[in-house]
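Peer 1: Structure file final-v4.pdb (PDB, C-alpha atoms) right here:
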ATOM      1  CA  MET A 202      25.558  46.642 -25.059
ATOM      2  CA  ALA A 203      25.567  48.226 -28.516
ATOM      3  CA  PHE A 204      23.142  51.116 -28.854
ATOM      4  CA  SER A 205      21.205  50.578 -32.061
ATOM      5  CA  ARG A 206      18.465  53.217 -31.968
ATOM      6  CA  LYS A 207      18.364  55.905 -34.636
ATOM      7  CA  ASP A 208      16.465  58.352 -32.399
ATOM      8  CA  LEU A 209      15.908  59.175 -28.728
ATOM      9  CA  LEU A 210      12.239  60.097 -28.480
ATOM     10  CA  GLY A 211      11.017  59.034 -25.043
ATOM     11  CA  MET A 212      11.626  56.989 -21.905
ATOM     12  CA  ARG A 213       8.537  54.859 -22.415
ATOM     13  CA  ASP A 214      10.143  53.085 -25.368
ATOM     14  CA  LEU A 215      13.603  52.499 -23.859
ATOM     15  CA  GLU A 216      14.672  49.137 -22.466
ATOM     16  CA  VAL A 217      16.420  48.813 -19.101
ATOM     17  CA  ASP A 218      19.771  47.870 -20.664
ATOM     18  CA  GLU A 219      19.552  50.882 -23.014
ATOM     19  CA  ILE A 220      19.013  53.214 -20.052
ATOM     20  CA  GLU A 221      21.960  51.635 -18.246
ATOM     21  CA  THR A 222      24.126  52.084 -21.353
ATOM     22  CA  ILE A 223      23.251  55.788 -21.572
ATOM     23  CA  LEU A 224      23.899  56.368 -17.862
ATOM     24  CA  ASP A 225      27.190  54.428 -17.916
ATOM     25  CA  THR A 226      28.339  56.318 -21.030
ATOM     26  CA  ALA A 227      27.438  59.651 -19.419
ATOM     27  CA  GLU A 228      29.379  58.659 -16.326
ATOM     28  CA  SER A 229      32.468  57.945 -18.413
ATOM     29  CA  LEU A 230      32.150  61.192 -20.428
ATOM     30  CA  LYS A 231      31.562  63.370 -17.342
ATOM     31  CA  GLU A 232      35.317  63.569 -16.736
ATOM     32  CA  ILE A 233      35.763  65.634 -19.919
ATOM     33  CA  ASN A 234      33.819  68.468 -18.296
ATOM     34  CA  THR A 235      36.417  68.752 -15.521
ATOM     35  CA  ARG A 236      39.451  69.123 -17.810
ATOM     36  CA  SER A 237      41.194  72.436 -18.395
ATOM     37  CA  ILE A 238      40.543  71.971 -22.128
ATOM     38  CA  LYS A 239      36.995  70.606 -22.316
ATOM     39  CA  LYS A 240      36.970  69.209 -25.822
ATOM     40  CA  VAL A 241      37.540  65.829 -27.511
ATOM     41  CA  PRO A 242      37.446  65.039 -31.256
ATOM     42  CA  THR A 243      34.753  62.339 -31.013
ATOM     43  CA  LEU A 244      32.180  64.075 -33.266
ATOM     44  CA  ARG A 245      34.552  66.078 -35.453
ATOM     45  CA  GLY A 246      32.967  66.540 -38.873
ATOM     46  CA  LYS A 247      29.437  65.871 -37.576
ATOM     47  CA  THR A 248      26.648  68.450 -37.754
ATOM     48  CA  VAL A 249      24.049  68.988 -35.024
ATOM     49  CA  VAL A 250      21.054  71.273 -35.649
ATOM     50  CA  HIS A 251      19.057  72.643 -32.702
ATOM     51  CA  LEU A 252      15.403  73.284 -33.567
ATOM     52  CA  PHE A 253      13.990  74.961 -30.460
ATOM     53  CA  TYR A 254      10.474  76.248 -31.055
ATOM     54  CA  GLU A 255       9.833  76.903 -27.344
ATOM     55  CA  PRO A 256      11.837  79.060 -24.910
ATOM     56  CA  SER A 257      14.696  77.208 -23.239
ATOM     57  CA  THR A 258      17.835  78.154 -21.350
ATOM     58  CA  ARG A 259      19.168  75.029 -19.634
ATOM     59  CA  THR A 260      18.266  72.359 -22.185
ATOM     60  CA  ARG A 261      19.320  74.317 -25.257
ATOM     61  CA  THR A 262      22.619  75.473 -23.755
ATOM     62  CA  SER A 263      23.316  72.041 -22.325
ATOM     63  CA  PHE A 264      22.843  70.309 -25.693
ATOM     64  CA  ASP A 265      24.959  72.975 -27.405
ATOM     65  CA  ILE A 266      27.809  72.648 -24.909
ATOM     66  CA  ALA A 267      27.609  68.862 -25.130
ATOM     67  CA  ALA A 268      27.876  68.882 -28.925
ATOM     68  CA  LYS A 269      30.737  71.373 -28.946
ATOM     69  CA  ARG A 270      32.705  69.481 -26.303
ATOM     70  CA  LEU A 271      32.564  66.500 -28.664
ATOM     71  CA  SER A 272      33.758  68.814 -31.509
ATOM     72  CA  ALA A 273      30.530  68.730 -33.540
ATOM     73  CA  ASP A 274      29.498  71.741 -35.628
ATOM     74  CA  THR A 275      26.265  73.181 -34.245
ATOM     75  CA  TYR A 276      23.558  75.440 -35.667
ATOM     76  CA  SER A 277      20.562  76.859 -33.820
ATOM     77  CA  ILE A 278      17.179  77.763 -35.270
ATOM     78  CA  SER A 279      14.175  79.147 -33.403
ATOM     79  CA  THR A 280      10.687  80.216 -34.423
ATOM     80  CA  SER A 281      11.639  83.862 -34.802
ATOM     81  CA  THR A 282      14.659  83.090 -37.016
ATOM     82  CA  SER A 283      13.110  80.415 -39.230
ATOM     83  CA  SER A 284      11.043  80.640 -42.409
ATOM     84  CA  MET A 285       7.975  79.616 -40.377
ATOM     85  CA  VAL A 286       7.387  83.349 -39.868
ATOM     86  CA  LYS A 287       6.920  83.452 -43.669
ATOM     87  CA  GLY A 288       4.435  80.583 -43.630
ATOM     88  CA  GLU A 289       6.687  77.567 -44.137
ATOM     89  CA  THR A 290       5.628  74.399 -42.292
ATOM     90  CA  PHE A 291       7.885  72.836 -39.680
ATOM     91  CA  LEU A 292       8.238  69.705 -41.811
ATOM     92  CA  ASP A 293       9.297  71.754 -44.851
ATOM     93  CA  THR A 294      11.863  73.525 -42.702
ATOM     94  CA  VAL A 295      13.283  70.171 -41.590
ATOM     95  CA  LYS A 296      13.291  68.739 -45.128
ATOM     96  CA  ASN A 297      15.233  71.767 -46.400
ATOM     97  CA  LEU A 298      17.708  71.489 -43.556
ATOM     98  CA  GLU A 299      18.073  67.773 -44.201
ATOM     99  CA  ALA A 300      19.208  68.554 -47.728
ATOM    100  CA  MET A 301      22.277  70.119 -46.074
ATOM    101  CA  GLN A 302      23.181  66.683 -44.617
ATOM    102  CA  PRO A 303      23.031  67.207 -40.834
ATOM    103  CA  ASP A 304      23.648  64.188 -38.603
ATOM    104  CA  VAL A 305      21.375  65.018 -35.665
ATOM    105  CA  PHE A 306      18.273  67.173 -35.153
ATOM    106  CA  ILE A 307      17.543  68.190 -31.550
ATOM    107  CA  ILE A 308      13.896  69.250 -31.394
ATOM    108  CA  ARG A 309      11.839  71.096 -28.790
ATOM    109  CA  HIS A 310       8.280  71.861 -29.817
ATOM    110  CA  SER A 311       5.024  72.795 -28.092
ATOM    111  CA  ALA A 312       3.082  70.145 -30.028
ATOM    112  CA  SER A 313       3.292  66.670 -28.484
ATOM    113  CA  GLY A 314       4.591  64.069 -30.928
ATOM    114  CA  THR A 315       6.428  66.485 -33.233
ATOM    115  CA  PRO A 316       9.862  64.817 -32.775
ATOM    116  CA  HIS A 317       8.258  61.423 -33.477
ATOM    117  CA  ARG A 318       6.714  62.645 -36.733
ATOM    118  CA  ILE A 319       9.968  64.226 -37.874
ATOM    119  CA  ALA A 320      11.963  61.102 -36.980
ATOM    120  CA  GLN A 321       9.827  59.112 -39.423
ATOM    121  CA  ARG A 322      10.617  61.542 -42.219
ATOM    122  CA  THR A 323      14.344  62.126 -41.905
ATOM    123  CA  LYS A 324      17.461  59.982 -42.156
ATOM    124  CA  ALA A 325      19.178  62.096 -39.500
ATOM    125  CA  SER A 326      18.928  61.085 -35.841
ATOM    126  CA  VAL A 327      16.312  62.974 -33.819
ATOM    127  CA  ILE A 328      16.526  63.746 -30.102
ATOM    128  CA  ASN A 329      13.372  64.857 -28.323
ATOM    129  CA  ALA A 330      14.320  67.890 -26.195
ATOM    130  CA  GLY A 331      10.759  68.240 -24.882
ATOM    131  CA  ASP A 332       7.486  67.935 -26.787
ATOM    132  CA  GLY A 333       4.358  69.559 -25.426
ATOM    133  CA  MET A 334       3.053  67.772 -22.338
ATOM    134  CA  HIS A 335       4.386  64.412 -23.558
ATOM    135  CA  GLU A 336       8.028  63.614 -22.712
ATOM    136  CA  HIS A 337      11.417  65.150 -21.907
ATOM    137  CA  PRO A 338      13.686  62.085 -21.937
ATOM    138  CA  SER A 339      17.091  63.758 -21.557
ATOM    139  CA  GLN A 340      15.847  65.495 -18.375
ATOM    140  CA  ALA A 341      14.742  62.152 -16.930
ATOM    141  CA  LEU A 342      18.094  60.571 -17.808
ATOM    142  CA  LEU A 343      20.069  63.340 -16.112
ATOM    143  CA  ASP A 344      17.759  63.061 -13.093
ATOM    144  CA  MET A 345      18.407  59.320 -12.919
ATOM    145  CA  LEU A 346      22.158  59.820 -13.274
ATOM    146  CA  THR A 347      22.093  62.338 -10.406
ATOM    147  CA  ILE A 348      20.087  60.006  -8.155
ATOM    148  CA  ARG A 349      22.386  57.079  -8.966
ATOM    149  CA  GLN A 350      25.483  59.140  -8.161
ATOM    150  CA  HIS A 351      24.137  60.177  -4.750
ATOM    151  CA  LYS A 352      22.277  57.011  -3.760
ATOM    152  CA  GLY A 353      24.380  54.410  -5.550
ATOM    153  CA  ARG A 354      21.305  52.835  -7.119
ATOM    154  CA  LEU A 355      17.817  53.428  -8.464
ATOM    155  CA  ASP A 356      16.284  50.073  -7.615
ATOM    156  CA  GLY A 357      14.228  50.084  -4.415
ATOM    157  CA  LEU A 358      14.125  53.864  -3.953
ATOM    158  CA  THR A 359      10.931  55.859  -3.425
ATOM    159  CA  VAL A 360      10.783  59.002  -5.564
ATOM    160  CA  LEU A 361       8.108  61.566  -4.715
ATOM    161  CA  ILE A 362       7.161  63.882  -7.608
ATOM    162  CA  VAL A 363       5.298  66.980  -6.368
ATOM    163  CA  GLY A 364       3.301  69.556  -8.270
ATOM    164  CA  ASP A 365       1.762  69.986 -11.702
ATOM    165  CA  ILE A 366       1.863  66.370 -12.878
ATOM    166  CA  ALA A 367      -0.843  66.908 -15.513
ATOM    167  CA  HIS A 368       1.149  69.328 -17.648
ATOM    168  CA  SER A 369       4.651  68.015 -16.923
ATOM    169  CA  ARG A 370       6.628  66.162 -19.596
ATOM    170  CA  VAL A 371       9.422  65.882 -17.014
ATOM    171  CA  ALA A 372       7.105  63.924 -14.702
ATOM    172  CA  ARG A 373       6.001  61.551 -17.463
ATOM    173  CA  SER A 374       9.541  60.734 -18.588
ATOM    174  CA  ASN A 375      10.685  60.227 -14.999
ATOM    175  CA  ILE A 376       7.714  57.995 -14.202
ATOM    176  CA  TRP A 377       8.479  55.699 -17.128
ATOM    177  CA  GLY A 378      12.245  55.719 -16.604
ATOM    178  CA  LEU A 379      12.396  55.383 -12.822
ATOM    179  CA  THR A 380       9.832  52.599 -12.578
ATOM    180  CA  LYS A 381      11.626  50.615 -15.293
ATOM    181  CA  MET A 382      14.788  50.864 -13.201
ATOM    182  CA  GLY A 383      13.008  49.497 -10.125
ATOM    183  CA  ALA A 384      12.112  52.676  -8.248
ATOM    184  CA  ARG A 385       8.706  53.321  -6.718
ATOM    185  CA  VAL A 386       7.175  56.606  -7.854
ATOM    186  CA  VAL A 387       4.629  58.545  -5.796
ATOM    187  CA  VAL A 388       2.949  61.590  -7.339
ATOM    188  CA  CYS A 389       1.390  64.316  -5.212
ATOM    189  CA  GLY A 390      -0.504  67.440  -6.150
ATOM    190  CA  PRO A 391      -3.916  69.092  -6.081
ATOM    191  CA  PRO A 392      -6.611  67.125  -7.977
ATOM    192  CA  THR A 393      -6.771  69.809 -10.685
ATOM    193  CA  LEU A 394      -3.086  69.258 -11.508
ATOM    194  CA  LEU A 395      -3.213  65.460 -11.699
ATOM    195  CA  PRO A 396      -3.819  63.821 -15.098
ATOM    196  CA  SER A 397      -7.084  62.006 -15.719
ATOM    197  CA  HIS A 398      -5.333  58.838 -16.908
ATOM    198  CA  LEU A 399      -3.318  58.168 -13.739
ATOM    199  CA  GLU A 400      -4.639  54.595 -13.554
ATOM    200  CA  HIS A 401      -2.593  53.856 -16.675
ATOM    201  CA  LEU A 402       0.650  55.083 -15.094
ATOM    202  CA  PRO A 403       2.793  52.946 -12.747
ATOM    203  CA  VAL A 404       2.495  55.336  -9.793
ATOM    204  CA  THR A 405       0.999  55.710  -6.333
ATOM    205  CA  VAL A 406      -1.122  58.849  -5.913
ATOM    206  CA  SER A 407      -1.447  61.102  -2.879
ATOM    207  CA  LEU A 408      -3.369  64.354  -2.568
ATOM    208  CA  ARG A 409      -1.505  65.337   0.606
ATOM    209  CA  LEU A 410       2.226  65.740   1.197
ATOM    210  CA  GLU A 411       2.349  64.939   4.909
ATOM    211  CA  PRO A 412       1.803  61.139   4.646
ATOM    212  CA  VAL A 413       4.287  60.617   1.795
ATOM    213  CA  ILE A 414       7.224  62.905   2.619
ATOM    214  CA  PRO A 415       8.619  60.526   5.307
ATOM    215  CA  GLU A 416       8.680  57.667   2.750
ATOM    216  CA  ALA A 417      10.668  59.527   0.111
ATOM    217  CA  ASP A 418      14.331  58.949  -0.709
ATOM    218  CA  VAL A 419      14.055  61.655  -3.368
ATOM    219  CA  ILE A 420      11.649  64.604  -3.623
ATOM    220  CA  MET A 421      11.382  65.915  -7.159
ATOM    221  CA  VAL A 422       9.705  69.339  -7.162
ATOM    222  CA  LEU A 423       8.060  70.478 -10.403
ATOM    223  CA  ARG A 424       7.766  74.046 -11.597
ATOM    224  CA  LEU A 425       4.313  75.474 -11.050
ATOM    225  CA  GLN A 426       3.436  76.765 -14.500
ATOM    226  CA  LYS A 427       2.216  80.270 -13.711
ATOM    227  CA  GLU A 428       1.085  80.693 -17.295
ATOM    228  CA  ARG A 429      -1.741  78.249 -16.499
ATOM    229  CA  GLN A 430      -3.110  80.213 -13.534
ATOM    230  CA  GLY A 431      -5.683  81.868 -15.766
ATOM    231  CA  GLN A 432      -7.304  78.468 -16.311
ATOM    232  CA  GLY A 433      -8.732  78.375 -12.773
ATOM    233  CA  LEU A 434      -6.767  75.288 -11.763
ATOM    234  CA  LEU A 435      -5.701  76.770  -8.408
ATOM    235  CA  PRO A 436      -7.381  79.116  -5.920
ATOM    236  CA  SER A 437      -4.127  81.063  -5.462
ATOM    237  CA  LEU A 438      -0.339  80.703  -5.509
ATOM    238  CA  ARG A 439      -0.290  81.365  -1.751
ATOM    239  CA  GLU A 440      -2.610  78.431  -1.091
ATOM    240  CA  TYR A 441      -0.591  76.165  -3.394
ATOM    241  CA  ALA A 442       2.629  77.115  -1.580
ATOM    242  CA  ALA A 443       0.997  76.410   1.794
ATOM    243  CA  TYR A 444      -0.181  72.912   0.849
ATOM    244  CA  TYR A 445       2.342  71.712  -1.757
ATOM    245  CA  GLY A 446       5.373  74.014  -1.553
ATOM    246  CA  ILE A 447       8.453  72.270  -0.156
ATOM    247  CA  ASP A 448       9.839  74.305   2.730
ATOM    248  CA  SER A 449      11.968  73.606   5.817
ATOM    249  CA  LYS A 450       8.938  72.856   7.973
ATOM    250  CA  LYS A 451       7.718  70.086   5.664
ATOM    251  CA  LEU A 452      11.255  68.845   5.024
ATOM    252  CA  ALA A 453      11.768  68.297   8.765
ATOM    253  CA  HIS A 454       9.626  65.150   8.399
ATOM    254  CA  ALA A 455      11.747  63.712   5.561
ATOM    255  CA  LYS A 456      14.559  61.153   5.781
ATOM    256  CA  PRO A 457      17.900  62.667   6.883
ATOM    257  CA  ASP A 458      19.504  61.813   3.532
ATOM    258  CA  VAL A 459      16.609  62.816   1.266
ATOM    259  CA  LEU A 460      17.555  64.410  -2.060
ATOM    260  CA  ILE A 461      15.764  67.540  -3.305
ATOM    261  CA  MET A 462      15.576  67.896  -7.081
ATOM    262  CA  HIS A 463      14.054  70.463  -9.434
ATOM    263  CA  PRO A 464      14.255  70.537 -13.255
ATOM    264  CA  GLY A 465      14.193  74.357 -13.321
ATOM    265  CA  PRO A 466      13.380  77.117 -13.761
ATOM    266  CA  MET A 467      12.328  77.521 -10.115
ATOM    267  CA  ASN A 468       9.612  79.718  -8.665
ATOM    268  CA  ARG A 469      11.235  80.415  -5.310
ATOM    269  CA  GLY A 470       8.669  80.834  -2.591
ATOM    270  CA  VAL A 471       5.990  78.973  -4.546
ATOM    271  CA  GLU A 472       6.849  75.309  -5.197
ATOM    272  CA  ILE A 473      10.129  75.478  -3.262
ATOM    273  CA  SER A 474      11.441  77.801  -0.567
ATOM    274  CA  PRO A 475      14.853  79.483  -0.989
ATOM    275  CA  GLU A 476      16.306  77.720   2.067
ATOM    276  CA  VAL A 477      15.392  74.313   0.619
ATOM    277  CA  ALA A 478      16.524  75.189  -2.909
ATOM    278  CA  ASP A 479      19.926  76.247  -1.570
ATOM    279  CA  GLY A 480      20.048  73.804   1.349
ATOM    280  CA  PRO A 481      22.190  70.730   2.023
ATOM    281  CA  HIS A 482      19.682  68.275   0.554
ATOM    282  CA  ALA A 483      19.450  70.045  -2.816
ATOM    283  CA  VAL A 484      21.237  68.487  -5.812
ATOM    284  CA  ILE A 485      19.714  70.886  -8.331
ATOM    285  CA  LEU A 486      23.004  72.170  -9.735
ATOM    286  CA  ASP A 487      24.305  68.584  -9.922
ATOM    287  CA  GLN A 488      21.344  67.928 -12.221
ATOM    288  CA  VAL A 489      22.454  70.780 -14.454
ATOM    289  CA  SER A 490      26.057  69.531 -14.551
ATOM    290  CA  ASN A 491      24.941  65.994 -15.329
ATOM    291  CA  GLY A 492      22.779  67.320 -18.140
ATOM    292  CA  VAL A 493      25.850  68.050 -20.240
ATOM    293  CA  ALA A 494      27.261  64.555 -19.642
ATOM    294  CA  VAL A 495      23.961  62.843 -20.483
ATOM    295  CA  ARG A 496      23.562  64.846 -23.694
ATOM    296  CA  MET A 497      27.148  64.090 -24.685
ATOM    297  CA  ALA A 498      26.325  60.413 -24.182
ATOM    298  CA  LEU A 499      23.174  60.629 -26.315
ATOM    299  CA  LEU A 500      24.973  62.358 -29.188
ATOM    300  CA  TYR A 501      27.879  59.917 -29.013
ATOM    301  CA  LEU A 502      25.671  56.803 -28.924
ATOM    302  CA  LEU A 503      23.378  57.925 -31.757
ATOM    303  CA  VAL A 504      26.228  58.940 -34.072
ATOM    304  CA  GLN A 505      28.172  55.793 -33.190
ATOM    305  CA  ARG A 506      25.112  53.767 -34.187
ATOM    306  CA  ASP A 507      24.982  55.559 -37.496
ATOM    307  CA  GLU A 508      28.646  54.881 -38.261
ATOM    308  CA  SER A 509      28.235  51.213 -37.325
ATOM    309  CA  ALA A 510      25.352  50.979 -39.783
ATOM    310  CA  ASP A 511      27.602  52.409 -42.514
TER
END
Rewrite the structure of this file - the entire thing - as structure tokens.
Peer 2:
Amino acid sequence: MAFSRKDLLGMRDLEVDEIETILDTAESLKEINTRSIKKVPTLRGKTVVHLFYEPSTRTRTSFDIAAKRLSADTYSISTSTSSMVKGETFLDTVKNLEAMQPDVFIIRHSASGTPHRIAQRTKASVINAGDGMHEHPSQALLDMLTIRQHKGRLDGLTVLIVGDIAHSRVARSNIWGLTKMGARVVVCGPPTLLPSHLEHLPVTVSLRLEPVIPEADVIMVLRLQKERQGQGLLPSLREYAAYYGIDSKKLAHAKPDVLIMHPGPMNRGVEISPEVADGPHAVILDQVSNGVAVRMALLYLLVQRDESAD
């Protein structure tokens, strides 16, 4: 199908055929990353601006590599290097950058909804690279691509998401995306780390890991956000690791072909043990590799839409 969206802001708004188009396009572009010369002229003459106002290693680098492998010109701006330190608003920064005629803004921001507000005020395409506790759609797409590559499908699978669901934009995007594609999603974590609006999400909830691990085709482990420990949400990291950390003992009750996923960065020994993170079930580095392909697909589809409109 033709991809007609101007922006990629979240999984909740995407249709099933749009998700399939992105995944199929990523699959076809993945081969470029295995060539000796990893570059094609697809986006030559196009300008991509990274606006990352939160720390990021994987997502920022992945988007940058993706854009450069398609031959786009890229520019990166962060809080410390922008005029926001002089008092300029984020919107004014974007409007000034827009006057330089970029084609795509890739935005990460701590305030939920920021990419959506910017998308309404710019002619350039906007990709949400993670906004507050709301969504992280490119992470969900690369997770789905990784599951599809290993399992051959998404429909009918049970995906167990473990950890800090309440504060996780990765969890929200995966819940919306996976359930649209026919997967069953189970979320598990301590009550203090589950969102209050769970009844509005298409998920099954469990407060204990033991009953749900044997059902899972995929176990998606979330980073425990240590920066939130001062909020009194957990008695201790040791107790969290004992009840919700994925280790070899708990994994012994899982299906023989279960996949272990983690969006990174990992807290080894807290939410995941080193032997599981580096074990035969882990596809964590496959997720990272697929991230470049998915972001190449997003850039290609959004720019292609723009040229079709012209």
Peer 1: If we draw a sphere of 10 Å around (3.5, 70.1, 4.3), which residues have at least one atom in it when counting all atoms listed in the file? Please report them as a PDB file with C-alpha atoms, in the frame of the given file.
Peer 2:
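The resulting point.pdb:
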ATOM      1  CA  ARG A 409      -1.505  65.337   0.606  1.00  0.00           C
ATOM      2  CA  LEU A 410       2.226  65.740   1.197  1.00  0.00           C
ATOM      3  CA  GLU A 411       2.349  64.939   4.909  1.00  0.00           C
ATOM      4  CA  PRO A 412       1.803  61.139   4.646  1.00  0.00           C
ATOM      5  CA  VAL A 413       4.287  60.617   1.795  1.00  0.00           C
ATOM      6  CA  ILE A 414       7.224  62.905   2.619  1.00  0.00           C
ATOM      7  CA  ALA A 442       2.629  77.115  -1.580  1.00  0.00           C
ATOM      8  CA  ALA A 443       0.997  76.410   1.794  1.00  0.00           C
ATOM      9  CA  TYR A 444      -0.181  72.912   0.849  1.00  0.00           C
ATOM     10  CA  TYR A 445       2.342  71.712  -1.757  1.00  0.00           C
ATOM     11  CA  GLY A 446       5.373  74.014  -1.553  1.00  0.00           C
ATOM     12  CA  ILE A 447       8.453  72.270  -0.156  1.00  0.00           C
ATOM     13  CA  ASP A 448       9.839  74.305   2.730  1.00  0.00           C
ATOM     14  CA  SER A 449      11.968  73.606   5.817  1.00  0.00           C
ATOM     15  CA  LYS A 450       8.938  72.856   7.973  1.00  0.00           C
ATOM     16  CA  LYS A 451       7.718  70.086   5.664  1.00  0.00           C
ATOM     17  CA  LEU A 452      11.255  68.845   5.024  1.00  0.00           C
ATOM     18  CA  ALA A 453      11.768  68.297   8.765  1.00  0.00           C
ATOM     19  CA  HIS A 454       9.626  65.150   8.399  1.00  0.00           C
TER      20      HIS A 454
END
Peer 1: Carefully work through the PyMOL selection byres ((chain A and resi 343) around 10) for this structure and note down the residues it includes, as a PyMOL selection string.
Peer 2: chain A and resi 223-224+227+338-342+344-349+375+464+487-496
Peer 1: Find the distance between atom CA of A:Leu399 and atom CA of A:Ile461 and write it in Å to one decimal.
Peer 2: 23.7 Å
Peer 1: Using the chain letters and residue numbers of this document, give as a ChimeraX atom specification the residues selected by the PyMOL selection byres ((chain A and resi 327) around 10).
Peer 2: /A:207-210,249-250,304-308,316-317,319-321,323-326,328-330,500,503
Peer 1: Distance cut-off 12 Å, centre (7.9, 50.0, -14.7) in file coordinates, counting all atoms listed in the file: which residues qualify? Return them as a ChimeraX atom specification.
Peer 2: /A:212-217,356,374-386,401-404
Peer 1: Could you state the separation of atom CA of A:Val371 and atom CA of A:Thr260 in Å, given to one decimal place?
Peer 2: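 So the answer is 12.1 Å.
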Peer 1: May I ask for the distance between atom CA of A:Ile278 and atom CA of A:Tyr254, given in Å to one decimal place?
Peer 2: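 Going from atom CA of A:Ile278 over to atom CA of A:Tyr254, I get 8.1 Å.
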Peer 1: Using all atoms listed in the file, find the one residue out of A:Ala300, A:Lys269, A:Ala312, A:Pro391 that sits nearest to A:Lys240.
Peer 2: A:Lys269
Peer 1: Which residue out of A:Ala268, A:Val484, A:Ile220, A:Leu408 has the minimum interatomic distance to A:Val241 when all atoms listed in the file are used?
Peer 2: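 The answer is A:Ala268, which sits nearest to A:Val241.
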Peer 1: Closest to A:Pro436 among A:Thr280, A:Asn468, A:Ser272, A:Thr393, using only C-alpha atoms?
Peer 2: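 Among the listed residues, the smallest separation from A:Pro436 belongs to A:Thr393.
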Peer 1: Report the residues retrieved by the PyMOL selection byres ((chain A and resi 472) around 12) from the displayed file, expressed as a ChimeraX atom specification.
Peer 2: /A:362-365,390,420-427,438-448,461-471,473-475,477-478
Peer 1: Pick the closest to A:Met334 from A:Gln302, A:Asn234, A:Ser369, A:Gln350: which is it, counting only C-alpha atoms?
Peer 2: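 Counting only C-alpha atoms, the residue closest to A:Met334 is A:Ser369.
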